[in-house]
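Participant: Pasting a structure here, questions to come.
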Amino acid sequence: MTCLHLDLAGGGQYSEPEVGWGGPLQALSTLRRAIDGPVDPADPRLPVALVTSTVAGLGAVGTARCAAVGVSPLSGAVAETRAEGPFAAGLRAAGITGISLTGAAEQPSYVVVEAGRAAVLPAGELWGMTTGQATDRLLARHGHDAAVAVIGPAGEAGARYANVVTCRSFPLPRLGFGAVLGARRIKAVVCVPPGSGTAGRAPWPHDVLAAQALFTAYRREMPDHPLAGWQLAAPGFGAWPGTAAAPGTAAVRNFADTATAPASWPGLHPDRYAAFLSWSGGCPGCPNDCVKGYAGAGLHQEAVAMLGPNLGIGDLGAILAANARCQELGLDPVSFGGTLACVFEAAAHGPLPSWLDLPAGAGFGAADLLPELVERAARPGHPLGEGAAALAARLGVPELAMTCRGVELPPFDPRVQPGLGLMYAAAPFGPRYDAVEHDLDFDPVYGLPHCYDEAERIGLSVPAPASTLDVGRTSRLADLWSGLDALLICPYASTPTRPLTLDRICALVRATSGRPINPEGVFALGRDRLRTQQQINDRLGVPAATLPARFFDESVTTGPHRGAVLDRTAFTAAVETLRTHWRTR
């Protein structure tokens with residue numbers, strides 16, 4: 001298959017054969033060629049791509065993944081994010097493994113891809129619709145087997161953390177791709193499968209029997225596996241805050257409160273989710289069912305933590321409704337929660353200015369105001385759409401923005417997990433909670449002993465205290481999971497803690513693509529991806545990053561992680577070590 005390049009202004013297009021493993025690496029190479037110095041992230045000449053890889057989207061276990069690649073309006077740095085779900089298969093069914101967009105449409109438009117070719121069509125009547133409404137309209141027009149990636153009113157309004165929602169429930173999160181498409185007046189990308197008789201399915205894996213054997217082994221082991229079984233069983237992996245009993249492990253009140261555990265709110269206990277369950281089973285070919293639907297929206301790992309304890313809120317119904325409304329409006333719930341937490345902490349220190357346009361009573365614990373705050377953040381020009389870093393600067397309290405490179409931090413506290421925090425700061429694409437396996441998983445007290453043999457096989461020193469900043473281990477894990485990202489194999493199914501061991505990853509690659517890869521080849525692929533991203537940032541003039549001062553100056557106050565804090569000197573040196581590693585062949 002090929003990657004399609006489309007000029008939104010003139011409609012010109014051409015197909016490029018897959019290079020290497022295609023997917024994110026090929027899209028990053030295209031982006032790198034387009035950049036020869038600092039550039040405005042809003043420049044329509046910059047390519048923005050939606051891709052899958054030569055491995056993904058073929059119905060095999062752990063491969064229901066697509067990615068978006070471009071430059072983030074939040075960070076001004078390279079941006080790459082992923083979504084689970086059916087959209088990867090939709091790209092393949094439309095005859096491509098990716099589409100790269102340049103230019104801007106003259107009027108609100110959407111892109112239709114069918115049989116490997118694209119058309120730009122008017123979208124005037126879709127502009128202003130929520131993601132669900134627009135998806136319904138486009139499926140009615142192009143067939144219910146089509147795969148739709150769409151922005152909501154937040155992206156149209158230019159909210160800097162607006163996202164793209166694929167196949168109704170699977171967002172491409174965090175880095176503002178909804179704002180990128182909105183600025184180019186693109187409402188959606190619709191992938192249309194072939195006509196009758198093919199049922200809209202993507203091509204088969206190269207070796208169907210080998211892929212089926214991997215699926216069968218995974219499904220057999222999954223129910224009794226400590227992590228995969230937890231992801232499979234309701235309520236799924238989005239409900240973890242209700243069992244996080246140790247203070248300091250995750251954000252509470254903008255990471256300022258390390259005396260209160262996320263599980264202190266009894267309404268967030270996993271047994272409270274059943275009444276809100278809407279659907280499950282959204283990833284073709286994968287039995288793990290990690291992402292389930294609650295209150296009508298897909299629930300990933302971060303939303304409850306960022307809209308709940310991070311805001312001092314324990315009303316699960318209000319949290320899930322806010323997550324669902326974020327999805328409908330095309331807002332990232334993690335960045336939204338991080339932005340509100342910054343503003344709420346500022347409010348705790350004194351009155352807020354009227355230009356913030358907040359409802360009376362906005363502050364920590366204001367569950368009843370969440371619906372109105374979501375609506376305001378998606379409005380054109382509303383300050384909440386600017387993100388935490390911009391708002392904190394305007395308010396004169398930049399220290400209250402829990403961000404890195406302008407991107408709101410995930411909920412997992414880096415004081416307790418310094419290797420994860422190191423990747424927040426060092427990763428070229430910015431803070432992401434699934435860039436490496438978490439430090440606590442290898443801790444001798446809180447870790448996952450079932451994974452230690454696999455961890456040792458791939459070159460990790462385990463077990464080791466989570467409080468230790470192990471740069472070598474973080475580097476090795478970063479290269480590994482970057483390799484998975486390059487192939488678009490899901491880390492929530494993969495090594496070192498889940499049933500797809502590294503050997504099985506290599507077998508999966510061969511089964512899907514017909515091409516061999518060895519274990520060290522996965523690490524090398526990951527380094528190539530991170531190196532390309534670092535090269536893009538170097539061309540953009542993006543400097544080294546760090547974390548907010550809070551994580552260096554304020555230690556965890558109570559509980560088993562009491563005293564945990566980052567060492568600024570060691571941390572800064574570690575960031576530079578990783579940046580040098582990714583610049584070196």
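In the structure tokens, chains take the letters A, B, ... in the order shown, each chain's residues start at 1, and ligands count up from 1 in the order shown.
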Do a neighbour search on Phe177 in chain A at 7 Å with only C-alpha atoms, toss out local chain neighbours closer than 4 positions, and write the hits as JSON, numbers by chain.
Facilitator: {"A": [162, 163, 164, 181]}
Participant: Write a file of the just-selected residues containing N, CA and C atoms, as a PDB file, in the first residue's frame.
Facilitator:
```pdb
ATOM      1  N   ALA A 162      -7.379  20.986  21.455  1.00  0.00           N
ATOM      2  CA  ALA A 162      -8.452  20.248  20.778  1.00  0.00           C
ATOM      3  C   ALA A 162      -7.875  18.990  20.138  1.00  0.00           C
ATOM      4  N   ASN A 163      -8.672  17.919  20.130  1.00  0.00           N
ATOM      5  CA  ASN A 163      -8.174  16.680  19.560  1.00  0.00           C
ATOM      6  C   ASN A 163      -9.014  16.240  18.364  1.00  0.00           C
ATOM      7  N   VAL A 164      -8.595  15.149  17.775  1.00  0.00           N
ATOM      8  CA  VAL A 164      -9.308  14.503  16.670  1.00  0.00           C
ATOM      9  C   VAL A 164      -9.891  13.218  17.228  1.00  0.00           C
ATOM     10  N   LEU A 181      -6.183  20.813  12.377  1.00  0.00           N
ATOM     11  CA  LEU A 181      -7.138  20.591  11.283  1.00  0.00           C
ATOM     12  C   LEU A 181      -8.155  21.725  11.208  1.00  0.00           C
TER      13      LEU A 181
END
```
Participant: What lies within 8 Å of Leu477 in chain A using only C-alpha atoms, ignoring chain neighbours under 3 positions off, as a list in words?
Facilitator: Val436, Glu437, Arg473, Thr474, Leu480 and Trp481 of chain A
Participant: Can you tell me which residues surround range 16-30 of chain A at a distance of at most 9 Å, considering only C-alpha atoms, apart from same-chain residues fewer than 4 positions away, and format the answer as a ChimeraX atom specification?
Facilitator: /A:1-5,34,47-56,66-70,78,80,97-100,485-488,525,528-529,532-533,536
Participant: Ranking A:Arg253, A:His300, A:His225, A:Arg33 by minimum distance to Ala83 in chain A and counting only C-alpha atoms, which one comes first?
Facilitator: A:His300
Participant: Any chance you could list, as JSON, numbers by chain, the residues in range 90-338 of chain A that come up strand (DSSP E or B) when DSSP is run on the backbone?
Facilitator: {"A": [96, 97, 98, 99, 100, 101, 102, 109, 110, 111, 112, 113, 114, 117, 118, 119, 120, 121, 122, 147, 148, 149, 150, 162, 164, 165, 166, 170, 171, 172, 186, 187, 188, 189, 190, 191, 192, 250, 277, 278, 279, 292, 293, 294, 297, 298, 299, 331]}
Participant: Name the residues in contact with range 269-281 of chain A at a cut-off of 12 Å, using only C-alpha atoms, excluding same-chain residues fewer than 3 positions from it; report them as a VMD selection string.
Facilitator: chain A and resid 64 84 to 86 169 230 to 245 262 to 266 284 to 299 304 308 314 to 321 324
Participant: Residues at most 9 Å from range 468-471 of chain A, counting only C-alpha atoms, excluding those fewer than 2 positions away in the same chain, as a list in words?
Facilitator: Gln417, Pro418, Gly419, Leu422, Asp439, Ala464, Pro465, Ala466, Arg473, Thr474, Ser475, Arg476, Leu566, Ala570, Phe571, Ala574, Val575, Thr577 and Leu578 of chain A
Participant: Could you take the residues named above and write them with N, CA and C atoms, as a compact mmCIF listing (two decimals), in the first residue's frame?
Facilitator:
```
# COMPACT_ATOMS: atom_id res chain seq x y z
N GLN A 417 7.97 8.52 40.59
CA GLN A 417 8.44 7.73 39.45
C GLN A 417 9.36 8.60 38.58
N PRO A 418 10.62 8.79 39.00
CA PRO A 418 11.49 9.73 38.30
C PRO A 418 11.86 9.32 36.89
N GLY A 419 11.88 8.02 36.59
CA GLY A 419 12.15 7.61 35.22
C GLY A 419 11.04 8.05 34.28
N LEU A 422 11.41 11.68 33.84
CA LEU A 422 12.49 11.97 32.90
C LEU A 422 11.98 11.95 31.47
N ASP A 439 7.99 3.22 36.62
CA ASP A 439 8.99 2.82 37.61
C ASP A 439 8.40 1.90 38.68
N ALA A 464 14.07 -2.84 41.32
CA ALA A 464 14.82 -1.67 41.78
C ALA A 464 13.82 -0.67 42.35
N PRO A 465 14.20 0.05 43.40
CA PRO A 465 13.27 1.02 44.00
C PRO A 465 12.80 2.06 42.99
N ALA A 466 11.52 2.34 43.00
CA ALA A 466 10.95 3.31 42.06
C ALA A 466 11.57 4.69 42.25
N ARG A 473 18.04 2.35 32.46
CA ARG A 473 16.78 1.61 32.31
C ARG A 473 15.76 2.44 31.54
N THR A 474 15.66 3.72 31.87
CA THR A 474 14.71 4.59 31.17
C THR A 474 15.05 4.66 29.69
N SER A 475 16.31 4.79 29.36
CA SER A 475 16.73 4.85 27.96
C SER A 475 16.36 3.56 27.23
N ARG A 476 16.62 2.43 27.87
CA ARG A 476 16.30 1.15 27.24
C ARG A 476 14.79 0.99 27.03
N LEU A 566 12.36 15.23 43.24
CA LEU A 566 13.36 15.12 42.19
C LEU A 566 14.59 15.95 42.53
N ALA A 570 20.70 16.21 39.05
CA ALA A 570 20.73 14.88 38.43
C ALA A 570 19.71 14.77 37.31
N PHE A 571 18.56 15.38 37.51
CA PHE A 571 17.50 15.31 36.51
C PHE A 571 17.92 16.04 35.24
N ALA A 574 20.34 14.03 33.35
CA ALA A 574 19.71 12.87 32.74
C ALA A 574 18.97 13.25 31.45
N VAL A 575 18.30 14.39 31.46
CA VAL A 575 17.63 14.86 30.24
C VAL A 575 18.65 15.02 29.12
N THR A 577 21.52 13.56 28.83
CA THR A 577 22.03 12.24 28.44
C THR A 577 21.12 11.59 27.40
N LEU A 578 19.82 11.66 27.61
CA LEU A 578 18.89 11.06 26.65
C LEU A 578 18.90 11.82 25.34
```
Participant: Which is closer to Leu340 in chain A than all the others in A:Ala147, A:Leu369, A:Ala426, A:Met129, using only C-alpha atoms?
Facilitator: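 Going through A:Ala147, A:Leu369, A:Ala426, A:Met129 one by one, the smallest distance to Leu340 in chain A is for A:Leu369.
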Participant: Sorted by chain and rising residue number, which residues of range 163-231 of chain A lie within 10 Å of range 395-411 of chain A, and what are their closest atom pairs and distances in Å to one decimal, counting only C-alpha atoms, as JSON lines?
Facilitator:
```
{"residue": "A:Arg174", "atom": "CA", "partner": "A:Val407", "partner_atom": "CA", "distance": 7.7}
{"residue": "A:Leu175", "atom": "CA", "partner": "A:Val407", "partner_atom": "CA", "distance": 7.2}
{"residue": "A:Gly176", "atom": "CA", "partner": "A:Val407", "partner_atom": "CA", "distance": 9.5}
```
Participant: Please indicate the distance in Å from CA of Leu484 in chain A to CA of Trp204 in chain A, rounded to one decimal place.
Facilitator: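 Computing the Euclidean distance for CA of Leu484 in chain A and CA of Trp204 in chain A yields 20.5 Å.
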